[in-house]
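Content type compact mmCIF, C-alpha atoms, from the file data.txt:
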# COMPACT_ATOMS: atom_id res chain seq x y z
CA MET F 1 65.37 59.89 146.29
CA ALA F 2 68.00 59.02 143.76
CA ASP F 3 65.59 59.77 140.92
CA THR F 4 64.57 63.04 142.53
CA THR F 5 68.17 64.11 142.99
CA ASN F 6 69.07 63.38 139.37
CA THR F 7 66.03 65.24 138.13
CA SER F 8 66.78 68.32 140.19
CA THR F 9 70.39 68.31 139.04
CA MET F 10 69.55 68.05 135.35
CA TYR F 11 66.57 70.41 135.40
CA VAL F 12 67.46 74.07 134.92
CA PRO F 13 64.61 76.56 135.37
CA LYS F 14 63.99 79.06 132.58
CA PHE F 15 65.05 82.04 134.65
CA VAL F 16 68.44 80.36 135.26
CA TRP F 17 68.95 79.85 131.54
CA LEU F 18 68.02 83.47 130.91
CA PHE F 19 70.35 84.68 133.63
CA GLY F 20 73.14 82.49 132.28
CA CYS F 21 72.73 83.95 128.76
CA CYS F 22 72.88 87.49 130.15
CA CYS F 23 76.05 86.69 132.04
CA PHE F 24 77.47 85.05 128.90
CA CYS F 25 76.91 88.24 126.90
CA PHE F 26 78.48 90.29 129.67
CA VAL F 27 81.54 88.06 129.69
CA LEU F 28 81.95 88.40 125.91
CA CYS F 29 82.19 92.16 126.32
CA THR F 30 84.94 91.80 128.97
CA PRO F 31 88.34 91.82 127.20
CA THR F 32 90.73 90.88 130.03
CA THR F 33 91.28 87.64 131.92
CA SER F 34 91.46 89.39 135.30
CA ALA F 35 88.05 91.03 134.77
CA TRP F 36 86.57 87.66 133.82
CA GLN F 37 87.92 86.12 137.01
CA GLN F 38 86.36 88.88 139.10
CA HIS F 39 82.93 88.37 137.48
CA SER F 40 83.21 84.59 137.89
CA SER F 41 84.07 84.99 141.55
CA ARG F 42 81.05 87.17 142.23
CA ILE F 43 78.72 84.81 140.41
CA ARG F 44 80.14 81.77 142.22
CA SER F 45 79.62 83.31 145.63
CA SER F 46 76.08 84.40 144.82
CA TYR F 47 74.58 81.71 142.62
CA GLY F 48 76.62 78.59 143.08
CA PRO F 49 78.97 76.55 140.94
CA SER F 50 76.32 74.92 138.80
CA ILE F 51 75.33 78.17 137.05
CA VAL F 52 78.98 79.19 136.66
CA ALA F 53 79.62 75.90 134.90
CA LEU F 54 76.58 76.50 132.71
CA PHE F 55 77.64 79.84 131.23
CA SER F 56 81.41 79.31 131.52
CA SER F 57 81.27 76.39 129.13
CA SER F 58 78.95 78.30 126.79
CA THR F 59 81.29 81.30 126.83
CA SER F 60 84.36 79.25 125.98
CA SER F 61 82.59 77.58 123.09
CA SER F 62 81.17 80.86 121.76
CA LEU F 63 84.48 82.69 122.05
CA PHE F 64 86.08 79.93 120.03
CA THR F 65 83.33 80.23 117.42
CA HIS F 66 83.78 84.03 117.31
CA GLN F 67 87.54 83.75 116.79
CA SER F 68 87.04 81.07 114.13
CA SER F 69 84.62 83.42 112.34
CA ILE F 70 87.26 86.15 112.23
CA ARG F 71 89.83 83.72 110.82
CA HIS F 72 87.28 82.52 108.26
CA ARG F 73 86.61 86.06 107.06
CA ARG F 74 90.34 86.66 106.71
CA CYS F 75 90.70 83.50 104.65
CA ARG F 76 87.84 84.64 102.41
CA ALA F 77 89.65 87.95 101.88
CA PHE F 78 92.74 86.04 100.79
CA PHE F 79 91.21 83.41 98.57
CA SER F 80 87.63 84.32 97.65
CA GLN F 81 86.65 85.34 94.13
CA SER F 82 83.45 86.96 95.44
CA ASN F 83 82.84 90.45 96.77
CA ASP F 84 83.94 89.52 100.31
CA ASN F 85 86.96 91.80 99.99
CA ASP F 86 84.95 94.75 98.68
CA PRO F 87 86.36 97.80 100.48
CA THR F 88 82.89 99.35 100.56
CA ASP F 89 81.82 96.55 102.94
CA ASP F 90 81.94 98.02 106.44
CA ASP F 91 82.44 94.64 108.09
CA ASN F 92 85.40 93.85 105.88
CA ASN F 93 87.04 97.16 106.74
CA SER F 94 86.88 96.53 110.48
CA PRO F 95 90.22 96.20 112.29
CA ASP F 96 89.44 92.56 113.10
CA ASN F 97 89.61 91.75 109.40
CA GLY F 98 93.11 93.09 108.89
CA PRO F 99 94.22 94.69 105.64
CA ILE F 100 92.26 94.67 102.41
CA ILE F 101 93.61 92.07 100.01
CA ILE F 102 93.27 93.67 96.57
CA ASP F 103 91.90 90.96 94.30
CA GLY F 104 93.27 91.50 90.81
CA LYS F 105 91.75 88.30 89.48
CA LYS F 106 88.21 89.30 90.35
CA THR F 107 88.71 92.91 89.25
CA ALA F 108 90.05 91.76 85.88
CA LYS F 109 86.99 89.54 85.49
CA ASP F 110 84.73 92.52 86.18
CA ILE F 111 86.58 94.61 83.58
CA ARG F 112 86.27 91.88 80.96
CA ALA F 113 82.54 91.71 81.59
CA GLU F 114 82.24 95.47 81.11
CA LEU F 115 84.28 95.32 77.90
CA SER F 116 82.14 92.47 76.59
CA GLU F 117 79.07 94.71 76.83
CA GLU F 118 80.93 97.57 75.15
CA ILE F 119 81.96 95.29 72.28
CA LYS F 120 78.34 94.22 71.81
CA ASN F 121 77.37 97.89 71.60
CA LEU F 122 80.05 98.50 68.94
CA GLN F 123 78.79 95.54 66.95
CA ARG F 124 75.15 96.60 67.19
CA GLY F 125 75.69 100.31 66.65
CA HIS F 126 78.60 100.36 64.20
CA GLY F 127 78.89 96.83 62.83
CA THR F 128 82.50 96.67 64.01
CA THR F 129 84.33 94.09 66.11
CA PRO F 130 87.62 95.16 67.76
CA GLY F 131 90.57 93.24 66.34
CA LEU F 132 93.85 92.45 68.10
CA ALA F 133 96.88 91.05 66.28
CA VAL F 134 99.60 89.37 68.35
CA VAL F 135 102.94 88.71 66.68
CA LEU F 136 104.94 85.83 68.16
CA VAL F 137 108.47 85.24 66.90
CA GLY F 138 109.96 81.87 67.81
CA GLN F 139 108.74 79.23 70.25
CA ARG F 140 109.70 80.53 73.68
CA VAL F 141 107.52 78.69 76.18
CA ASP F 142 106.84 81.76 78.34
CA SER F 143 106.00 83.94 75.35
CA ALA F 144 103.73 81.27 73.88
CA THR F 145 101.95 81.01 77.24
CA TYR F 146 101.37 84.77 77.41
CA VAL F 147 100.03 84.81 73.86
CA ARG F 148 97.68 81.93 74.64
CA MET F 149 96.34 83.79 77.71
CA LYS F 150 95.78 86.95 75.65
CA LYS F 151 94.00 84.98 72.95
CA LYS F 152 91.76 83.33 75.54
CA ALA F 153 90.85 86.69 77.11
CA ALA F 154 90.10 88.16 73.68
CA ALA F 155 87.83 85.27 72.74
CA GLU F 156 85.99 85.50 76.06
CA ILE F 157 84.87 89.08 75.51
CA GLY F 158 84.36 88.98 71.73
CA ILE F 159 87.55 90.56 70.37
CA HIS F 160 88.63 89.29 66.97
CA SER F 161 92.09 87.77 67.50
CA ILE F 162 94.70 87.51 64.73
CA ASP F 163 97.70 85.29 65.50
CA VAL F 164 100.90 85.85 63.55
CA THR F 165 103.43 83.14 64.44
CA ILE F 166 106.81 83.54 62.78
CA ASP F 167 109.98 81.44 62.73
CA GLU F 168 112.70 82.80 65.02
CA ASN F 169 115.14 82.96 62.10
CA ILE F 170 113.09 85.62 60.29
CA SER F 171 115.08 88.67 59.28
CA GLU F 172 114.43 92.05 60.83
CA GLU F 173 113.34 93.42 57.45
CA ASP F 174 110.80 90.63 56.89
CA LEU F 175 109.40 91.05 60.41
CA ILE F 176 108.89 94.75 59.79
CA LYS F 177 107.01 93.89 56.60
CA GLU F 178 104.69 91.62 58.60
CA VAL F 179 103.95 94.44 61.02
CA GLN F 180 103.28 96.82 58.13
CA LYS F 181 100.72 94.38 56.72
CA LEU F 182 98.86 94.56 60.02
CA ASN F 183 99.04 98.37 59.93
CA ASP F 184 97.22 98.23 56.60
CA ASP F 185 94.55 95.75 57.72
CA PRO F 186 91.30 97.63 58.64
CA GLN F 187 90.13 94.68 60.76
CA VAL F 188 93.14 95.09 63.03
CA HIS F 189 92.73 97.86 65.63
CA GLY F 190 95.55 96.87 67.96
CA ILE F 191 98.97 95.33 67.30
CA LEU F 192 101.19 93.71 69.90
CA VAL F 193 104.64 92.28 69.22
CA GLN F 194 105.44 89.78 71.95
CA LEU F 195 108.80 90.48 73.60
CA PRO F 196 111.57 89.50 73.84
CA LEU F 197 112.53 89.16 70.19
CA PRO F 198 115.51 87.09 68.97
CA SER F 199 118.86 88.77 69.57
CA HIS F 200 119.49 89.53 65.88
CA ILE F 201 116.41 91.81 65.72
CA ASP F 202 116.32 95.41 66.96
CA GLU F 203 113.23 95.48 69.19
CA ALA F 204 112.97 99.28 69.25
CA LYS F 205 113.01 99.46 65.45
CA VAL F 206 110.25 96.86 65.13
CA LEU F 207 108.07 98.54 67.77
CA LYS F 208 108.44 101.90 66.01
CA THR F 209 106.90 100.29 62.93
CA ILE F 210 103.56 99.90 64.73
CA GLN F 211 101.27 102.80 63.90
CA TYR F 212 100.43 105.08 66.81
CA GLU F 213 96.72 104.45 66.19
CA LYS F 214 97.29 100.67 66.60
CA ASP F 215 99.71 100.68 69.53
CA ALA F 216 97.96 98.18 71.83
CA ASP F 217 100.75 98.22 74.41
CA GLY F 218 100.73 102.02 74.76
CA PHE F 219 104.52 102.22 74.33
CA ASP F 220 104.59 104.55 71.32
CA ALA F 221 106.44 107.79 72.05
CA THR F 222 103.31 109.80 71.21
CA ASN F 223 101.22 107.86 73.72
CA ILE F 224 103.93 108.19 76.39
CA GLY F 225 104.39 111.89 75.67
CA ASN F 226 100.66 112.64 75.84
CA MET F 227 100.47 110.75 79.11
CA TRP F 228 103.05 113.09 80.67
CA LEU F 229 101.73 116.33 79.19
CA ARG F 230 99.59 118.52 81.41
CA GLY F 231 96.51 119.65 79.55
CA GLY F 232 97.50 117.87 76.33
CA GLU F 233 95.67 115.28 74.31
CA PRO F 234 95.06 112.04 76.22
CA PRO F 235 96.93 108.94 75.03
CA LEU F 236 95.04 106.52 72.81
CA ALA F 237 96.42 103.60 74.83
CA ILE F 238 98.11 103.39 78.24
CA PRO F 239 100.85 100.88 79.16
CA CYS F 240 98.91 97.90 80.45
CA THR F 241 100.54 97.08 83.79
CA PRO F 242 100.64 100.72 85.02
CA ALA F 243 97.02 101.15 83.92
CA GLY F 244 96.14 98.01 85.88
CA CYS F 245 97.78 99.44 89.02
CA ILE F 246 95.74 102.64 88.81
CA GLU F 247 92.55 100.74 88.02
CA LEU F 248 92.99 98.58 91.14
CA LEU F 249 93.59 101.59 93.37
CA GLN F 250 90.57 103.44 92.08
CA ARG F 251 88.19 100.48 92.02
CA TYR F 252 89.08 99.85 95.65
CA ASN F 253 88.35 103.52 96.47
CA ILE F 254 91.94 104.16 97.53
CA GLU F 255 92.57 107.89 97.34
CA ILE F 256 95.57 109.02 95.29
CA SER F 257 95.07 112.78 95.28
CA GLY F 258 97.43 114.50 97.72
CA LYS F 259 99.07 111.24 98.83
CA GLU F 260 102.80 110.50 99.06
CA CYS F 261 103.47 107.90 96.38
CA VAL F 262 106.77 106.02 96.02
CA VAL F 263 107.52 104.05 92.85
CA LEU F 264 110.36 101.54 93.06
CA GLY F 265 111.79 101.11 89.57
CA ARG F 266 112.10 103.40 86.56
CA SER F 267 111.53 101.08 83.60
CA ASN F 268 109.79 102.31 80.47
CA ILE F 269 107.25 99.50 80.84
CA VAL F 270 106.12 100.04 84.46
CA GLY F 271 108.02 102.49 86.65
CA MET F 272 107.96 105.68 84.61
CA PRO F 273 104.44 105.26 83.16
CA VAL F 274 102.91 104.52 86.57
CA ALA F 275 104.69 107.60 87.98
CA ALA F 276 103.06 109.67 85.22
CA LEU F 277 99.63 108.24 85.97
CA LEU F 278 99.94 108.79 89.72
CA THR F 279 101.01 112.38 89.04
CA SER F 280 98.04 112.94 86.74
CA CYS F 281 95.82 111.70 89.58
CA ASN F 282 97.35 114.41 91.79
CA GLY F 283 99.64 112.16 93.79
CA THR F 284 103.02 113.44 95.00
CA VAL F 285 105.44 110.99 93.41
CA THR F 286 109.02 109.92 94.20
CA VAL F 287 110.73 107.43 91.86
CA CYS F 288 113.47 105.26 93.40
CA HIS F 289 116.02 103.29 91.39
CA SER F 290 119.40 101.58 91.65
CA ARG F 291 121.21 104.84 92.39
CA THR F 292 118.76 106.08 95.00
CA LYS F 293 120.15 106.43 98.53
CA ASN F 294 118.20 105.68 101.70
CA ILE F 295 115.41 103.76 99.96
CA PRO F 296 113.99 102.41 103.26
CA GLU F 297 113.67 105.96 104.58
CA ILE F 298 111.87 107.13 101.42
CA VAL F 299 109.54 104.11 101.43
CA GLY F 300 108.76 104.83 105.08
CA ARG F 301 107.13 108.14 104.11
CA ALA F 302 104.88 106.64 101.44
CA ASP F 303 101.10 106.39 101.65
CA ILE F 304 101.17 104.33 98.43
CA VAL F 305 104.05 102.08 97.36
CA ILE F 306 104.31 100.69 93.82
CA ALA F 307 107.02 98.03 93.85
CA ALA F 308 108.39 97.25 90.38
CA ILE F 309 112.09 96.85 91.01
CA GLY F 310 112.47 93.19 90.01
CA LYS F 311 114.13 91.99 93.23
CA THR F 312 112.71 89.13 95.27
CA GLU F 313 111.04 90.42 98.46
CA PHE F 314 113.18 93.56 98.34
CA VAL F 315 110.79 95.71 100.40
CA ARG F 316 110.78 94.74 104.07
CA GLY F 317 107.80 95.13 106.33
CA GLU F 318 109.73 97.32 108.76
CA TRP F 319 110.24 99.92 106.01
CA LEU F 320 106.54 100.54 105.53
CA LYS F 321 104.52 103.32 107.06
CA PRO F 322 101.65 101.93 109.16
CA GLY F 323 98.49 101.91 107.04
CA ALA F 324 100.33 102.22 103.73
CA VAL F 325 98.87 100.77 100.53
CA VAL F 326 101.17 98.40 98.61
CA VAL F 327 100.85 97.46 94.95
CA ASP F 328 103.37 94.71 94.18
CA VAL F 329 104.16 94.44 90.48
CA GLY F 330 107.07 92.02 90.92
CA ILE F 331 106.90 88.34 90.09
CA ASN F 332 109.91 86.29 91.11
CA ASP F 333 110.76 82.63 91.69
CA LYS F 334 111.66 81.74 95.27
CA PRO F 335 113.00 78.26 96.10
CA ASP F 336 110.46 76.22 98.05
CA ALA F 337 111.04 72.51 98.66
CA THR F 338 107.40 72.03 99.67
CA LYS F 339 106.24 72.82 96.13
CA LYS F 340 106.19 70.20 93.41
CA ARG F 341 108.03 72.49 91.00
CA GLY F 342 110.61 73.40 93.66
CA TYR F 343 109.74 77.10 93.86
CA ARG F 344 106.88 79.51 94.47
CA LEU F 345 106.04 82.90 93.05
CA VAL F 346 106.62 85.95 95.22
CA GLY F 347 106.70 89.69 94.59
CA ASP F 348 109.12 92.53 95.22
CA VAL F 349 107.62 92.99 98.70
CA ASN F 350 108.00 90.60 101.62
CA TYR F 351 104.29 89.85 101.86
CA ASP F 352 104.27 88.18 105.28
CA GLU F 353 106.20 91.05 106.85
CA ALA F 354 104.12 93.71 105.12
CA LEU F 355 100.73 92.25 105.99
CA PRO F 356 100.58 93.46 109.63
CA LYS F 357 101.62 97.00 108.61
CA VAL F 358 99.51 97.83 105.55
CA SER F 359 95.90 98.87 105.07
CA ALA F 360 95.71 97.24 101.60
CA ILE F 361 98.03 95.08 99.51
CA THR F 362 98.07 93.13 96.25
CA PRO F 363 99.07 89.46 96.53
CA VAL F 364 101.49 87.69 94.18
CA PRO F 365 100.15 85.90 92.24
CA GLY F 366 96.59 87.14 91.80
CA GLY F 367 97.16 90.88 92.12
CA VAL F 368 98.51 93.02 89.30
CA GLY F 369 99.19 90.12 86.92
CA PRO F 370 95.61 89.43 85.77
CA MET F 371 95.05 93.16 85.32
CA THR F 372 97.71 93.48 82.62
CA ILE F 373 95.81 91.37 80.09
CA ALA F 374 92.50 93.02 81.04
CA MET F 375 93.99 96.43 80.30
CA LEU F 376 95.37 95.18 76.97
CA MET F 377 91.79 94.27 76.05
CA LYS F 378 90.65 97.74 77.13
CA ASN F 379 93.34 99.38 75.00
CA THR F 380 92.17 97.36 72.00
CA VAL F 381 88.57 98.45 72.51
CA ASN F 382 89.71 102.06 72.85
CA LEU F 383 91.71 101.87 69.62
CA CYS F 384 88.65 100.45 67.87
CA ARG F 385 86.54 103.32 69.22
CA HIS F 386 89.15 105.80 68.00
CA SER F 387 88.99 104.30 64.49
CA LEU F 388 85.24 104.98 64.55
CA GLY F 389 85.66 108.55 65.77
CA LEU F 390 84.34 107.72 69.25
CA PRO F 391 85.84 108.98 72.53
CA ARG F 392 87.98 106.59 74.51
CA LEU F 393 86.93 104.70 77.61
CA GLN F 394 88.84 106.36 80.42
CA LEU F 395 90.33 104.75 83.44
CA ARG F 396 88.06 105.17 86.43
CA ASP F 397 89.67 108.52 86.88
CA ARG F 398 89.39 111.30 89.40
CA THR F 399 88.58 114.84 88.41
CA LYS F 400 90.69 117.77 89.54
CA ASP F 401 89.10 117.91 93.00
CA GLY F 402 89.75 114.22 93.65
CA ASP F 403 86.18 112.98 93.28
CA TYR F 404 85.19 110.03 91.10
CA LYS F 405 83.49 110.61 87.79
CA ASP F 406 81.68 107.30 88.28
CA ARG F 407 79.21 108.48 90.92
CA LYS F 408 78.31 104.91 91.90
CA LEU F 409 81.74 104.50 93.48
CA VAL F 410 81.66 107.64 95.61
CA ASN F 411 81.60 107.12 99.37
CA THR F 412 78.13 108.43 100.18
CA ASN F 413 79.13 109.20 103.75
CA VAL F 414 81.46 111.95 102.55
CA PRO F 415 79.88 115.05 100.97
CA SER F 416 81.07 115.59 97.43
CA PRO F 417 83.01 118.81 96.96
CA LYS F 418 81.41 121.42 94.75
CA LYS F 419 82.63 121.44 91.19
CA GLU F 420 84.36 124.61 90.14
CA GLU F 421 84.70 125.79 86.63
CA LYS F 422 88.08 124.86 85.19
CA LYS F 423 90.31 127.90 85.01
CA GLU F 424 92.56 128.58 82.08
CA GLY F 425 95.97 126.98 82.48
CA GLU F 426 94.85 124.27 84.92
CA GLU F 427 95.77 120.74 83.98
CA LYS F 428 93.48 117.91 82.95
CA THR F 429 94.06 114.45 84.34
CA THR F 430 95.13 111.90 81.77
CA CYS F 431 94.06 108.86 83.73

Any chance you could give the structure as structure tokens?
Amino acid sequence: MADTTNTSTMYVPKFVWLFGCCCFCFVLCTPTTSAWQQHSSRIRSSYGPSIVALFSSSTSSSLFTHQSSIRHRRCRAFFSQSNDNDPTDDDNNSPDNGPIIIDGKKTAKDIRAELSEEIKNLQRGHGTTPGLAVVLVGQRVDSATYVRMKKKAAAEIGIHSIDVTIDENISEEDLIKEVQKLNDDPQVHGILVQLPLPSHIDEAKVLKTIQYEKDADGFDATNIGNMWLRGGEPPLAIPCTPAGCIELLQRYNIEISGKECVVLGRSNIVGMPVAALLTSCNGTVTVCHSRTKNIPEIVGRADIVIAAIGKTEFVRGEWLKPGAVVVDVGINDKPDATKKRGYRLVGDVNYDEALPKVSAITPVPGGVGPMTIAMLMKNTVNLCRHSLGLPRLQLRDRTKDGDYKDRKLVNTNVPSPKKEEKKEGEEKTTC
């Protein structure tokens, strides 16, 4: 009898297993605890405690697995270098996954790969290799690090790199002569003078020495002016960090046209150029700065926020409009005793506070930073193409009606608007 009892207890007929699985699926679709208790009560009264135990334990285990899967996908969005955070992935855009983490590191890698192919085409078709000259004055550790990163990126994609390292005691006149030599060198298509320069040298005067056609940073007044002009000639080069911001937005299929855009900061390097680019992409742009009143209120209206104000975690999560897109250009040191170096890098936006509010956000580090060097490489390739009489490689820009020129990136679920012939007096986008 004892053996018979044990056997009957352990043996579960197939129909019971099937019934238990059905109940398990039903329970998974029931979101509230009270509903679950009602279903459990009915099953207990009808089919006995043994079956309840069977699918209750399965449900608990599977719910745990389901929740762990969600957490795992979120972690992949934060840390993965793969396409797991591709905004065209329907699963990744589900509410369970939270906001899109805009991966600047991976995007920059993709851009470098594209540029590598373009450089091979220039070498095969025209026998020309793009050349980038970087002028480093003195031995500042941070400047030397940036130059080394630029040199590494250039070598990776096949750009000819020319390093000009000069003693920090060089006179302004002699430094200008060095820049003029690079202007005259046909193998040099882009020139970059690493800033800051020693205090005895006028930076503006040195930068003005760089020929417009070799302005790798895109800071020449002609490039800046053409970027702002409606319907004018496009710039030969675009300031690298602003270009990286726009490239990230457009590669992640984030619409700019018709959106409220707020730029925090009005520097010549980031704030003003990115405002020009957003405007050329048909965004409605407000620029905030140190004299702006009611910044939280203005930020609260923004669909897109570009934070480049240089203040640690200045933008609070409570300021942000639900579903806003945040591009954080800031990079600041924040004391952190848990880190070996005693600090960690954070942006101009309080990331942890912003995360529950936004639809997409760039992390710091790993967001805009890697894009800056990638766009420097793109500027160099464009300047080389210009020297050969070839048209420039545009940003992944939108046409006047807001559609992508790169048809592969268009959301196929949305019908493309019909193209209309451009009327006289209408502006061209510069991005």

Would you mind telling me which residue in F:Thr222, F:Thr145, F:Thr312, F:Ser359 lies nearest to Val325 in chain F when using all atoms listed in the file?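 For Val325 in chain F, the nearest of the candidates is F:Ser359.
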
List the spatial neighbours of Ala153 in chain F as a PyMOL selection string - criterion: any atom at most 10 Å away, only C-alpha atoms, same-chain residues fewer than 4 positions off excluded. chain F and resi 109+112+147-149+157-159+161+373-374+376-377

Here is a test: counting only C-alpha atoms, which residue of F:Gln194, F:Ser116, F:Ser257, F:Thr165 is nearest to Thr279 in chain F?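 The answer is F:Ser257, which sits nearest to Thr279 in chain F.
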
Among the residues F:Gly138, F:His160, F:Gly323, F:Asn183, the one that comes closest to Gln123 in chain F [using all atoms listed in the file]: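 Among the listed residues, F:His160 lies closest to Gln123 in chain F.
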
CA of Ser280 in chain F to CA of Asn350 in chain F, distance in Å rounded to a single decimal: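 Distance between the two atoms: 28.6 Å.
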
Interatomic distance (Å, one decimal) between CA of Val263 in chain F and CA of Lys321 in chain F: 14.5 Å

Skip Ala237 in chain F itself and residues of its chain fewer than 5 positions away, then list as number ranges by chain all residues within 8 Å of it, counting only C-alpha atoms. F: 215-218, 223, 379, 382-383

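Restricting the calculation to all atoms listed in the file, the smallest distance between Val358 in chain F and any of F:Cys288, F:Leu320, F:Ala113, F:Leu195 is found for F:Leu320.
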
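Between Met371 in chain F and the residues F:Val329, F:Val141, F:Ala307, F:Val134, the shortest atom-to-atom distance, using all atoms listed in the file, involves F:Val329.
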
Could you tell me how far CA of Ile246 in chain F sits from CA of Val285 in chain F, in Å to one decimal place?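 Pair CA of Val285 in chain F / CA of Ile246 in chain F returns 13.6 Å.
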
Test item: which residues lie within 9 Å of (108.0, 99.1, 80.6) counting only C-alpha atoms, as a tab-separated table (two decimals) with C-alpha atoms, keeping the file's coordinate frame:
chain	number	residue	atom	x	y	z
F	219	PHE	CA	104.52	102.22	74.33
F	239	PRO	CA	100.85	100.88	79.16
F	241	THR	CA	100.54	97.08	83.79
F	242	PRO	CA	100.64	100.72	85.02
F	266	ARG	CA	112.10	103.40	86.56
F	267	SER	CA	111.53	101.08	83.60
F	268	ASN	CA	109.79	102.31	80.47
F	269	ILE	CA	107.25	99.50	80.84
F	270	VAL	CA	106.12	100.04	84.46
F	271	GLY	CA	108.02	102.49	86.65
F	272	MET	CA	107.96	105.68	84.61
F	273	PRO	CA	104.44	105.26	83.16

Pick out the residues sitting within 10 Å of Val327 in chain F, and hand them over as a PyMOL selection string; count only C-alpha atoms, and ignore anything fewer than 6 positions along from it in its own chain. chain F and resi 102+245-246+248-249+263+304-308+347-349+360-364+367-368

Return the single residue from F:Pro370, F:Gly310, F:Gly127, F:Pro391 that is closest to Cys240 in chain F, with distances computed using all atoms listed in the file.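 Under the stated criterion, the closest residue is F:Pro370.
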
Using the atoms already present, construct N, CA and C atoms for range 159-174 of chain F and hand them back as a CSV table (one decimal), keeping the file's coordinate frame.
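Saved file result_6.csv follows:
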chain,number,residue,atom,x,y,z
F,159,ILE,N,86.6,89.9,71.2
F,159,ILE,CA,87.6,90.6,70.4
F,159,ILE,C,88.0,89.6,69.3
F,160,HIS,N,88.1,90.1,68.1
F,160,HIS,CA,88.6,89.3,67.0
F,160,HIS,C,90.2,89.2,67.1
F,161,SER,N,90.7,88.0,67.2
F,161,SER,CA,92.1,87.8,67.5
F,161,SER,C,92.8,87.3,66.2
F,162,ILE,N,93.9,87.9,65.9
F,162,ILE,CA,94.7,87.5,64.7
F,162,ILE,C,96.1,87.1,65.2
F,163,ASP,N,96.4,85.8,65.0
F,163,ASP,CA,97.7,85.3,65.5
F,163,ASP,C,98.7,85.3,64.3
F,164,VAL,N,99.8,85.9,64.6
F,164,VAL,CA,100.9,85.8,63.6
F,164,VAL,C,102.1,85.2,64.2
F,165,THR,N,102.3,83.9,63.9
F,165,THR,CA,103.4,83.1,64.4
F,165,THR,C,104.5,83.0,63.4
F,166,ILE,N,105.7,83.4,63.8
F,166,ILE,CA,106.8,83.5,62.8
F,166,ILE,C,108.0,82.8,63.3
F,167,ASP,N,108.8,82.2,62.4
F,167,ASP,CA,110.0,81.4,62.7
F,167,ASP,C,111.0,82.4,63.3
F,168,GLU,N,111.7,81.9,64.3
F,168,GLU,CA,112.7,82.8,65.0
F,168,GLU,C,113.9,83.2,64.1
F,169,ASN,N,114.1,82.6,63.0
F,169,ASN,CA,115.1,83.0,62.1
F,169,ASN,C,114.7,84.0,61.1
F,170,ILE,N,113.5,84.6,61.2
F,170,ILE,CA,113.1,85.6,60.3
F,170,ILE,C,114.0,86.8,60.4
F,171,SER,N,114.2,87.5,59.3
F,171,SER,CA,115.1,88.7,59.3
F,171,SER,C,114.3,89.9,59.8
F,172,GLU,N,115.1,90.8,60.3
F,172,GLU,CA,114.4,92.0,60.8
F,172,GLU,C,113.6,92.7,59.8
F,173,GLU,N,114.1,92.8,58.5
F,173,GLU,CA,113.3,93.4,57.4
F,173,GLU,C,112.0,92.7,57.2
F,174,ASP,N,112.0,91.4,57.2
F,174,ASP,CA,110.8,90.6,56.9
F,174,ASP,C,109.8,90.8,58.0
